[in-house]
$ cat structure_8.cif   # mmCIF, C-alpha atoms
data_data
loop_
_atom_site.group_PDB
_atom_site.id
_atom_site.type_symbol
_atom_site.label_atom_id
_atom_site.label_comp_id
_atom_site.auth_asym_id
_atom_site.auth_seq_id
_atom_site.Cartn_x
_atom_site.Cartn_y
_atom_site.Cartn_z
ATOM 1 C CA MET A 298 21.540 -9.156 18.192
ATOM 2 C CA GLY A 299 24.131 -9.684 15.509
ATOM 3 C CA ALA A 300 22.739 -6.932 13.271
ATOM 4 C CA THR A 301 24.980 -4.079 12.274
ATOM 5 C CA THR A 302 24.391 -0.623 10.933
ATOM 6 C CA ASP A 303 24.441 0.093 7.247
ATOM 7 C CA PRO A 304 28.160 0.551 6.451
ATOM 8 C CA GLN A 305 27.238 3.767 4.647
ATOM 9 C CA GLY A 306 25.073 4.977 7.550
ATOM 10 C CA ALA A 307 27.388 7.680 8.866
ATOM 11 C CA GLY A 308 28.154 8.818 5.327
ATOM 12 C CA ARG A 309 24.433 9.323 4.695
ATOM 13 C CA LEU A 310 24.304 11.959 7.438
ATOM 14 C CA GLY A 311 26.302 14.522 5.472
ATOM 15 C CA PHE A 312 29.006 15.088 8.052
ATOM 16 C CA ASP A 313 32.524 15.567 6.714
ATOM 17 C CA PRO A 314 35.924 14.656 8.164
ATOM 18 C CA GLY A 315 36.907 17.332 10.660
ATOM 19 C CA HIS A 316 33.331 18.228 11.589
ATOM 20 C CA VAL A 317 32.496 18.657 15.267
ATOM 21 C CA VAL A 318 29.307 16.701 16.006
ATOM 22 C CA GLN A 319 27.466 17.169 19.286
ATOM 23 C CA GLU A 320 25.369 14.394 20.777
ATOM 24 C CA PHE A 321 22.225 14.905 22.849
ATOM 25 C CA GLY A 322 20.096 12.268 24.585
ATOM 26 C CA TRP A 323 22.762 9.605 25.019
ATOM 27 C CA GLY A 324 21.536 6.577 26.970
ATOM 28 C CA ASP A 325 22.324 2.917 27.461
ATOM 29 C CA ASP A 326 20.035 2.079 24.527
ATOM 30 C CA VAL A 327 21.849 4.076 21.828
ATOM 31 C CA ASP A 328 23.483 2.229 18.949
ATOM 32 C CA ASP A 329 27.185 2.140 19.855
ATOM 33 C CA ALA A 330 28.183 0.830 16.425
ATOM 34 C CA LEU A 331 26.534 3.839 14.767
ATOM 35 C CA ARG A 332 28.214 6.221 17.224
ATOM 36 C CA ALA A 333 31.602 4.642 16.456
ATOM 37 C CA GLU A 334 30.919 4.871 12.727
ATOM 38 C CA ILE A 335 30.099 8.593 12.972
ATOM 39 C CA GLU A 336 33.245 9.179 15.040
ATOM 40 C CA ALA A 337 35.369 7.290 12.507
ATOM 41 C CA HIS A 338 33.777 9.238 9.660
ATOM 42 C CA VAL A 339 34.439 12.695 11.174
ATOM 43 C CA GLY A 340 37.775 11.666 12.697
ATOM 44 C CA SER A 341 37.007 12.614 16.299
ATOM 45 C CA GLU A 342 34.811 11.698 19.229
ATOM 46 C CA LEU A 343 31.297 13.063 19.485
ATOM 47 C CA VAL A 344 31.138 15.974 21.911
ATOM 48 C CA ASP A 345 28.592 15.871 24.723
ATOM 49 C CA GLU A 346 25.761 18.202 25.707
ATOM 50 C CA ASP A 347 28.108 20.357 27.807
ATOM 51 C CA TYR A 348 30.407 21.272 24.902
ATOM 52 C CA GLY A 349 30.943 25.027 24.990
ATOM 53 C CA ASP A 350 31.482 26.021 21.365
ATOM 54 C CA VAL A 351 29.588 25.949 18.064
ATOM 55 C CA THR A 352 29.340 22.669 16.196
ATOM 56 C CA ASP A 353 28.973 21.525 12.600
ATOM 57 C CA GLY A 354 26.192 19.102 13.404
ATOM 58 C CA VAL A 355 23.984 17.617 16.072
ATOM 59 C CA ILE A 356 22.571 14.160 16.637
ATOM 60 C CA VAL A 357 19.692 13.777 19.066
ATOM 61 C CA TRP A 358 18.697 10.366 20.437
ATOM 62 C CA TRP A 359 15.018 10.798 21.321
ATOM 63 C CA ARG A 360 12.441 8.499 22.869
ATOM 64 C CA GLU A 361 8.730 9.046 23.454
ATOM 65 C CA ASP A 362 9.148 9.708 27.201
ATOM 66 C CA ASP A 363 12.190 12.005 26.972
ATOM 67 C CA GLY A 364 10.242 15.211 27.632
ATOM 68 C CA ASP A 365 9.494 18.125 25.326
ATOM 69 C CA LEU A 366 10.998 17.556 21.892
ATOM 70 C CA THR A 367 10.251 21.130 20.789
ATOM 71 C CA ASP A 368 12.317 22.569 23.652
ATOM 72 C CA THR A 369 15.213 20.263 22.810
ATOM 73 C CA LEU A 370 15.113 21.203 19.131
ATOM 74 C CA VAL A 371 15.132 24.909 20.008
ATOM 75 C CA ASP A 372 18.104 24.341 22.324
ATOM 76 C CA VAL A 373 20.187 22.352 19.831
ATOM 77 C CA GLN A 374 19.860 25.079 17.205
ATOM 78 C CA THR A 375 21.771 27.467 19.482
ATOM 79 C CA VAL A 376 24.963 25.372 19.228
ATOM 80 C CA LEU A 377 25.018 25.024 15.442
ATOM 81 C CA ASP A 378 27.262 26.891 13.059
ATOM 82 C CA ASP A 379 25.502 28.275 9.979
ATOM 83 C CA GLY A 380 24.540 25.369 7.767
ATOM 84 C CA GLY A 381 24.926 22.818 10.568
ATOM 85 C CA ARG A 382 22.943 19.610 10.313
ATOM 86 C CA ILE A 383 20.440 18.273 12.844
ATOM 87 C CA TRP A 384 19.617 14.573 12.892
ATOM 88 C CA LEU A 385 16.952 13.132 15.158
ATOM 89 C CA PHE A 386 17.379 9.431 15.966
ATOM 90 C CA THR A 387 14.204 7.763 17.244
ATOM 91 C CA PRO A 388 13.338 4.122 17.944
ATOM 92 C CA LYS A 389 11.776 2.368 14.974
ATOM 93 C CA PRO A 390 8.060 1.496 15.019
ATOM 94 C CA GLY A 391 7.385 -1.409 17.337
ATOM 95 C CA ARG A 392 10.367 -0.589 19.576
ATOM 96 C CA GLY A 393 9.980 0.867 23.049
ATOM 97 C CA GLY A 394 10.045 4.658 22.987
ATOM 98 C CA HIS A 395 8.930 4.976 19.342
ATOM 99 C CA VAL A 396 7.952 8.537 18.398
ATOM 100 C CA GLU A 397 5.237 9.040 15.796
ATOM 101 C CA HIS A 398 6.275 10.986 12.690
ATOM 102 C CA ASN A 399 3.423 13.465 13.228
ATOM 103 C CA ASP A 400 4.841 14.265 16.679
ATOM 104 C CA ILE A 401 8.285 14.841 15.162
ATOM 105 C CA GLN A 402 6.845 17.070 12.448
ATOM 106 C CA GLU A 403 4.792 19.098 14.951
ATOM 107 C CA ALA A 404 7.771 19.630 17.289
ATOM 108 C CA ALA A 405 10.048 20.510 14.383
ATOM 109 C CA THR A 406 7.575 23.025 12.947
ATOM 110 C CA THR A 407 7.101 24.698 16.324
ATOM 111 C CA ALA A 408 10.902 24.920 16.678
ATOM 112 C CA GLY A 409 11.222 26.553 13.250
ATOM 113 C CA LEU A 410 12.422 23.394 11.491
ATOM 114 C CA HIS A 411 10.960 20.786 9.200
ATOM 115 C CA ALA A 412 11.591 17.088 8.707
ATOM 116 C CA THR A 413 13.091 16.569 5.265
ATOM 117 C CA SER A 414 13.821 12.829 5.175
ATOM 118 C CA THR A 415 13.608 9.739 7.356
ATOM 119 C CA PHE A 416 15.366 6.407 6.895
ATOM 120 C CA SER A 417 16.619 3.404 8.842
ATOM 121 C CA ILE A 418 20.048 4.185 10.308
ATOM 122 C CA ALA A 419 20.562 1.236 12.688
ATOM 123 C CA PRO A 420 18.782 -1.983 13.639
ATOM 124 C CA ASP A 421 16.574 -0.245 16.233
ATOM 125 C CA TRP A 422 16.802 3.404 15.162
ATOM 126 C CA SER A 423 15.440 5.664 12.427
ATOM 127 C CA ALA A 424 17.110 8.933 11.421
ATOM 128 C CA THR A 425 15.135 12.067 10.549
ATOM 129 C CA LYS A 426 16.927 15.046 9.034
ATOM 130 C CA LEU A 427 15.670 18.376 10.313
ATOM 131 C CA GLY A 428 16.285 21.497 8.266
ATOM 132 C CA ASN A 429 15.623 25.171 8.662
ATOM 133 C CA ARG A 430 12.297 26.283 7.320
ATOM 134 C CA GLY A 431 12.709 28.181 4.089
ATOM 135 C CA ARG A 432 11.838 31.844 3.971
ATOM 136 C CA GLY A 433 10.352 33.619 0.992
ATOM 137 C CA ARG A 434 12.715 35.527 -1.281
#
$ encode --input "structure_8.cif" --output "C-alpha cells"
Amino acid sequence: MGATTDPQGAGRLGFDPGHVVQEFGWGDDVDDALRAEIEAHVGSELVDEDYGDVTDGVIVWWREDDGDLTDTLVDVQTVLDDGGRIWLFTPKPGRGGHVEHNDIQEAATTAGLHATSTFSIAPDWSATKLGNRGRGR
C-alpha cells in the first residue's frame, strides 16, 4: 500500500509513556504500523485480551461482523483503571467491515459510554474515543 499512519497518530490517543494498553480484537487486518507506534509511544508492548490486571487504556479493533459491540464495550470497562481511555478502531467507510457511526453510538450508550470524537488514525482505520457518560452534579 505504501501509506503510513499519521506520525502523530499514537500521540493523539492520549496515552503516556509507561501506560499499560490492552488490545482487543486483534486480527490479520489490523494496522501493524499503528500498533508499533502505540508501543513505541508507551514504551512497552500492547497486552492481549488475557492480561490479568488493570490497564491505563484499551484499544478495540472492531469490524461489522465481530459480534455484539455492546457486550465488548461492557467487558473492556472492567479492565480499566479510573480515568482509563477506550479507543474503538473501525474500518473506514468503503472498507470491508465498516461500522456505521450510529451503531457505534448506540452500542456505546447502552454500555454506559458515549463517542466523543472520531478521526482517521491509519490508512484503513478510524479511531473513535469512548468516554464515560457524565452524571449530574
$ closest_residue --input "structure_8.cif" --among "A:Glu397, A:Glu403, A:Glu320, A:Asp328" --to "Leu377 of chain A" --atoms "all atoms listed in the file"
A:Glu320
$ resolve_selection --input "structure_8.cif" --expression "the PyMOL selection byres ((chain A and resi 344-359) around 6)" --output "MDAnalysis selection string"
chainID A and resid 316:322 343 360 376:378 381:387
$ atom_distance --input "structure_8.cif" --atom1 "atom CA of Ala412 of chain A" --atom2 "atom CA of Thr375 of chain A"
18.1 Å
$ closest_residue --input "structure_8.cif" --among "A:Glu361, A:Thr369, A:Lys389, A:Gly340" --to "Pro420 of chain A" --atoms "all atoms listed in the file"
A:Lys389
$ resolve_selection --input "structure_8.cif" --expression "the PyMOL selection byres ((chain A and resi 331) around 8)" --output "list of chain:residue names"
A:Thr302, A:Gly306, A:Ala307, A:Asp328, A:Asp329, A:Ala330, A:Arg332, A:Ala333, A:Glu334, A:Ile335, A:Ile418, A:Ala419
$ atom_distance --input "structure_8.cif" --atom1 "atom CA of Asp421 of chain A" --atom2 "atom CA of Gly391 of chain A"
9.3 Å
$ atom_distance --input "structure_8.cif" --atom1 "atom CA of Glu342 of chain A" --atom2 "atom CA of Ala424 of chain A"
19.5 Å
$ closest_residue --input "structure_8.cif" --among "A:Asp365, A:Asp400, A:Asp372, A:Asp313" --to "His338 of chain A" --atoms "only C-alpha atoms"
A:Asp313
$ closest_residue --input "structure_8.cif" --among "A:Gly394, A:Leu366, A:His411, A:Gln402" --to "Val327 of chain A" --atoms "only C-alpha atoms"
A:Gly394
